[in-house]
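Asks: Structure file run_35.txt, compact mmCIF, C-alpha atoms, is pasted below:
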```
# COMPACT_ATOMS: atom_id res chain seq x y z
CA MET A 1 11.33 9.46 3.62
CA ARG A 2 12.54 11.28 6.73
CA ILE A 3 10.23 12.12 9.59
CA ARG A 4 10.66 15.63 10.87
CA PRO A 5 11.01 15.96 14.68
CA ASN A 6 7.82 17.99 15.03
CA GLN A 7 5.76 15.23 13.41
CA THR A 8 6.28 12.56 16.06
CA GLU A 9 3.45 10.50 17.49
CA PRO A 10 1.57 12.08 20.38
CA LYS A 11 2.37 10.85 23.88
CA THR A 12 -0.15 8.69 25.66
CA LEU A 13 -2.31 10.37 28.26
CA ILE A 14 -1.59 7.74 30.93
CA SER A 15 1.14 5.12 31.10
CA THR A 16 0.50 1.41 31.53
CA ARG A 17 2.26 1.50 34.91
CA ALA A 18 0.02 4.31 36.14
CA LEU A 19 -3.04 2.45 34.89
CA VAL A 20 -2.03 -0.68 36.84
CA ILE A 21 -1.55 1.38 40.01
CA ILE A 22 -4.94 3.06 39.56
CA ILE A 23 -6.68 -0.27 39.00
CA ALA A 24 -4.96 -1.77 42.06
CA ALA A 25 -6.02 1.21 44.18
CA ALA A 26 -9.62 0.97 42.96
CA GLY A 27 -9.67 -2.76 43.67
CA ALA A 28 -8.25 -2.17 47.14
CA ALA A 29 -10.89 0.49 47.80
CA VAL A 30 -13.65 -1.94 46.83
CA LEU A 31 -12.17 -4.68 49.03
CA CYS A 32 -11.81 -2.27 51.95
CA ALA A 33 -15.42 -1.19 51.59
CA ALA A 34 -16.55 -4.82 51.51
CA ALA A 35 -14.33 -5.96 54.41
CA PRO A 36 -13.38 -3.03 56.68
CA ARG A 37 -11.42 -5.30 59.07
CA ALA A 38 -9.01 -6.11 56.23
CA ALA A 39 -8.40 -2.47 55.30
CA VAL A 40 -4.96 -2.17 56.92
CA PRO A 41 -3.47 -5.37 55.41
CA ILE A 42 -4.90 -4.47 52.00
CA GLY A 43 -3.46 -0.95 52.25
CA VAL A 44 -0.05 -2.31 53.22
CA GLY A 45 -0.18 -4.77 50.32
CA VAL A 46 -1.04 -2.07 47.81
CA GLY A 47 1.73 0.13 49.23
CA VAL A 48 4.28 -2.66 48.86
CA VAL A 49 3.20 -3.38 45.29
CA THR A 50 3.38 0.31 44.42
CA LEU A 51 6.89 0.58 45.86
CA LEU A 52 8.02 -2.52 43.96
CA ILE A 53 6.69 -1.04 40.73
CA GLN A 54 8.66 2.15 41.40
CA ILE A 55 11.84 0.17 42.18
CA VAL A 56 11.51 -1.89 38.99
CA ARG A 57 10.98 1.31 36.99
CA ASP A 58 14.20 2.83 38.29
```
Go ahead and render the structure in this file as structure tokens.

Replies:
Amino acid sequence: MRIRPNQTEPKTLISTRALVIIIAAAGAAVLCAAAPRAAVPIGVGVGVVTLLIQIVRD
């Protein structure tokens, strides 16, 4: 039985990669709220992880 092109599965609303980035950002926000002195290192760490995820994707 052939599947017609217009009967494909629907796309997901959010990708796994985007979900990981969102969870990391939320975790960083919680850590920054709990320890404001560590906000800059945490922000840099999340930025680096986000860039690495983008590089791996490409």

Asks: Taking into account all atoms listed in the file, which residue in the set A:Gly43, A:Thr12, A:Ala18, A:Val49 is nearest to Leu31 in chain A?

Replies: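 Closest residue, counting all atoms listed in the file: A:Gly43.
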
Asks: Given the choices A:Val56, A:Ile14, A:Leu51, A:Val40, which gets closest to Ala28 in chain A if the distance is worked out from all atoms listed in the file?

Replies: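 For Ala28 in chain A, the nearest of the given residues is A:Val40.
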
Asks: Which is closer to Ala39 in chain A than all the others in A:Leu13, A:Ala25, A:Leu19, A:Gln54, using only C-alpha atoms?

Replies: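 Between A:Leu13, A:Ala25, A:Leu19, A:Gln54, the residue approaching Ala39 in chain A most closely is A:Ala25.
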
Asks: Provide the CA of Thr16 in chain A to CA of Gly47 in chain A distance in Å, to one decimal place.

Replies: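 Between CA of Thr16 in chain A and CA of Gly47 in chain A the gap works out to 17.8 Å.
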